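Reviewing the structure listed below.
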Amino acid sequence: MNAKKRIVIIGATSGIAEACARLWVQDQAVDLTLVGRDALKTEAVAADLRVRSQASTVTVMAVDFLAEDKIKETVDLLCLKQPVDIVLIAHGTLPDQFAAQKDSALCKQTLEINAISPVLFAEVFVGHMEKANHGTLGIIGSVAGDRGRKSNYIYGAAKGLVARYAQGLQHRLASSNVKVVLIKPGPTDTPMTASLKFQGLKVAPLEEVAKKIVKAMSAGQAEAYVPWKWKIIMRVIQHLPSFIFARLNI
Amino acid sequence: MTPLSSWGRLGSHAHRQIFLNDRYAIGSMIRSHQPGIAFGHGRSYGDVCLNPGGTVWKTRGLDRFISFDPVRGLLACEAGVLLRDIHGLVVSQGWMLPVTPGTQLVTVGGAIANDVHGKNHHRYGSFGDHVLKLRLLRTDGEIIDCGPDQRSEWFGATLGGLGLTGLVTEATIQLRKIEGAWLQSETIPYKSLEHFFELAAASEEDWEHTVSWIDCMDRGQGRGLFMRANHIKSAFDEPKNRQRKMPFSPPVSLINGLSLRPLNWSYYHLHRLKAKKAQVHYKPFFYPLDHVLEWNRLYGPKGFYQYQSVVPLEYGRDSIRAMLQAIARSGEGSFLAVLKTFGDRRSTGLLSFPGPGVTLALDFPNRNDRTHRLLERLDAVVRDQGGRIYPAKDARMPRDLFESGYPKLNEFLNYRDAGISSALSRRLMGS
Ligand SMILES: Cc1cc2nc3c(=O)[nH]c(=O)nc-3n(C[C@H](O)[C@H](O)[C@H](O)COP(=O)(O)OP(=O)(O)OC[C@H]3O[C@@H](n4cnc5c(N)ncnc54)[C@H](O)[C@@H]3O)c2cc1C
Ligand SMILES: NC(=O)c1ccc[n+]([C@@H]2O[C@H](COP(=O)([O-])OP(=O)(O)OC[C@H]3O[C@@H](n4cnc5c(N)ncnc54)[C@H](OP(=O)(O)O)[C@@H]3O)[C@@H](O)[C@H]2O)c1
């Protein structure tokens, strides 16, 4: 019998996901599956986690994040044997907004990776979770999805889709035991923001953000701004009258 | 470009910072952003990890363990892992890094590049003595796996190689066994340098760790506190440690002639009155300042100089006395003065700092010319006695002193990577 908590991370090489994984294995021995697009890179993350928790089982799977049939196959396989307890969908890509405006291919890829791909994964997981009436699905959106801004609206639009999607799932699963947690990080210290730090962007420490995500997921919170102050900041931004908003350079 | 400084905070210059994260992408990252220099956790005091106006490759994102064998105590990890995180993993399993510096907030890559030493040099040598293998990535893409018995010429150049031979991407380290996380320590006041050298000699045999704190304000007499300790069979649990940050940079240096004298005096007397023997957890014993994060801000906005030298033992007493007298005369004071003897062993690294002799480490708030004049007087003593200065802590040593202190420099230069340059390498090697 396997009493270890079963956790699956999609986009496991992401800075945020890796930091969450370290917290999960540190907490207790778990049965963890890391899904990434690049087997070698994902394996490096797995090896580290195995060292940190020798009692945990860490498995790696590589898949094409836009191939719906492969995604379904992978998730079915993962949920076949026993129900999963926790799923975190973490992948994403933040392009230069200006470049995405000019380059249709980049624009398309941004929408696909940040919006379509997470939905494809989540939908299959949720199907299994609903059947088992068990599990928590965390999906990472962003504060950028709360109001379209000229500095990142293509990425933001995709994240907005994820937010609306998570809301729908929560409605669908309201009377079940399945929890869907929409995570909205503010700027966080990961490779995604490396080039923005030059422009003076203030980023939250990764470990702090990960701690809050792990906590929000274990509480089954519907929505989690991390750090929490972003909830207030985004509330203000969302409610700024457009004649003021139009003048802001954000 | 964003401002970056090292631990001494002597200046904050614009750097292009390249964040390394994916071990498989380092090659292309450094190839397309060179020349540059690796920047670990910036715990060096001077300019060894800096490249003003140019590129630094920040390695902290390379923080993955690769493997750990708890039976043999073998740990492999990426070069940006902090020594603190290694201890977090292995101490409770009965292992420890054999050699660590006075802070565990340094990376494995930084510990290798400065071939750092601890309080147990006479027993365990320097950090590099416990590295079994390392992977060196050159900016032209070549990967060199080296160790004591494998391409050992590259190994010798890279230990203490100041980051100039290539980027260390990963390393395998042999840990040492411990039977608990605590040490038995003794603190003994000494009243003269003679007394210090007697204590040091008498302690080598039976004590693994020896170090002393010396009062620099005492007209060069040489009174201080000698500390020695051994690991003991004990619990593995931790005392609760609270990390404190300096909440702000004080507008002027808090370390000045006025505050320093009473501070030194009270430190000495406080300890003299206290019990001489104690059991201490390894963290407060080895890393007393690590719980005060950013204590370097105490020195104010102009930063501070460290000055660490080693001089041969035979002239040790005279050299140390001459340096203490020069300091006392200058009135510049030095709060954190550490005096210790190294064991009779040389390190493998061509440019490694530790070696037989006595080492004195001093801190001085930056007061521009006044400080420089004093440091030049100290240089004269070191030069006269055939000693050398530790590059990890240096921002200003004259080139001739570097050349005389490191006689294998010419051999080392053959191993330099043409795509790597630091403020220190330009200052001391011309490129
Ligand atoms: C409180 C305190 C106490 C200290 N006590 C001691 C002591 O007792 N003994 C001692 O020896 N030192 C001591 N030091 C100095 C410190 O141990 C060294 O400066 C150490 O090298 C710092 O490591 P870092 O990771 O911060 O590297 P950095 O300071 O960022 O860089 C140091 C050097 O390492 C190189 N480097 C870093 N990573 C790599 C890599 N991956 N590949 C190649 N080169 C790399 C850099 O280019 C640079 O040349 C102390 C420092 C402090 C702040
Ligand atoms: N960091 C922030 O400030 C911040 C703020 C708000 C929201 N978020 C969101 O938080 C999540 C995690 O971000 P992070 O900061 O941890 O970013 P990160 O470290 O840059 O990681 C990005 C992840 O997405 C994966 N990915 C990118 N493009 C892909 C593709 N085409 N196919 C498959 N996988 C792809 C990457 O895989 P590879 O490793 O293989 O490249 C990596 O796992 C993302 O959804 C991001 O949008 C981040």
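Identifiers in this document derive from the order of the structure tokens: chains are assigned A, B, ..., residues are numbered from 1 separately in each chain, and ligands are numbered from 1 in order of occurrence.
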
Requested in this report: Using only C-alpha atoms, select each residue of chain B with any atom at most 12 Å away from an atom of chain A, and give the selection as a PyMOL selection string.
Outcome: chain B and resi 1-4+14-25+58+60-70+74-78+81+85-90+93

Report task. Just the residues within 8 Å of segment 97-104 of chain B, please, counting only C-alpha atoms, with nothing from its chain fewer than 4 positions along; format it as a list in words. Result ->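 So, after excluding close chain neighbours, the residues are Leu82, Leu83, Arg84, Ile86, His87, Val116, His117, Gly118, Lys119, Asn120, His121, Tyr124, Gly125, Ser126, Phe127, His130, Gln174, Leu175, Arg176, Phe286, Tyr287, Pro288, Leu289 and Asp290 of chain B.
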
Query raised in the report: Any idea what's packed within 7 Å of segment 303-314 of chain B, counting only C-alpha atoms, ignoring anything in its chain fewer than 2 positions away? Could you give it as a list in words?
Result: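 Residues meeting the cut-off are Gly8, Arg9, Leu10, Tyr45, Tyr299, Gly300, Pro301, Gly316, Pro356, Gly357, Val358, Thr359, Leu360, Ala361, Leu362, Asp363, Phe364, Pro365, Asn366, Val382, Gln385, Gly386, Gly387, Arg388, Ile389, Tyr390, Lys393 and Asp394 of chain B.
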
Query raised in the report: Would you name the residues within 6 Å of ligand 2, counting only C-alpha atoms and all ligand atoms, and put them as an MDAnalysis selection string?
Result: chainID A and resid 11:17 37:38 65 90:93 113 140:142 185:193

Report task. Kindly work out which residues sit at most 8 Å from ligand 1, using only C-alpha atoms and all ligand atoms, and give the list as a ChimeraX atom specification. Result -> /B:6-7,37-45,48-50,58-59,79-80,82,100-119,136,158,161-170,287,289-290,392-393,422

Query - Of the listed residues B:Tyr315, B:Cys216, B:Lys408, B:Leu428, that which approaches Gly331 of chain B most closely, counting only C-alpha atoms - result: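 The answer is B:Cys216, which sits nearest to Gly331 of chain B.
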
Report task. Write out as a PyMOL selection string the residues lying within 10 Å of Val126 of chain A, counting only C-alpha atoms and excluding same-chain residues fewer than 6 positions away. Result -> chain A and resi 87+132-137+169+173+178-180

Report task. From segment 70-117 of chain B, collect each residue whose DSSP state is strand (DSSP E) and return the set as a PyMOL selection string. Result -> chain B and resi 74-78+95-96

Query raised in the report: From the list A:Val119, A:Val8, A:Ile154, A:Val236, which residue is nearest Phe98 of chain A when using only C-alpha atoms?
Result: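 Residue with the minimum atom-to-atom distance to Phe98 of chain A: A:Ile154.
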
Query raised in the report: Hey, which of A:Ala62, A:Glu208, A:Arg149, A:Lys70 ends up closest to Leu248 of chain A? Count only C-alpha atoms.
Result: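 Between A:Ala62, A:Glu208, A:Arg149, A:Lys70, the residue approaching Leu248 of chain A most closely is A:Arg149.
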
Requested in this report: Provide the atom CA of Ala21 of chain A to atom CA of Glu207 of chain A distance in Å, to one decimal place.
Outcome: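 Between these atoms lies a distance of 10.8 Å.
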
Query raised in the report: Nearest to Gln221 of chain A: which of A:Thr59, A:Ser175, A:Ser242, A:Gln170 is it, counting only C-alpha atoms?
Result: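 Of A:Thr59, A:Ser175, A:Ser242, A:Gln170, the one nearest Gln221 of chain A, counting only C-alpha atoms, is A:Gln170.
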
Report task. Would you please extract all helix (DSSP H, G or I) residues from segment 4-226 of chain A, as assigned by DSSP on the backbone, and give them as a PyMOL selection string? Result -> chain A and resi 15-27+39-52+68-80+97-102+104-132+143-145+153-172+191-197+206-219

Query raised in the report: Do you know which residues are at most 7 Å from Met217 of chain A counting only C-alpha atoms, after dropping those on the same chain fewer than 4 positions away, and could you put them as JSON, numbers by chain?
Result: {"A": [138, 181, 213, 221]}
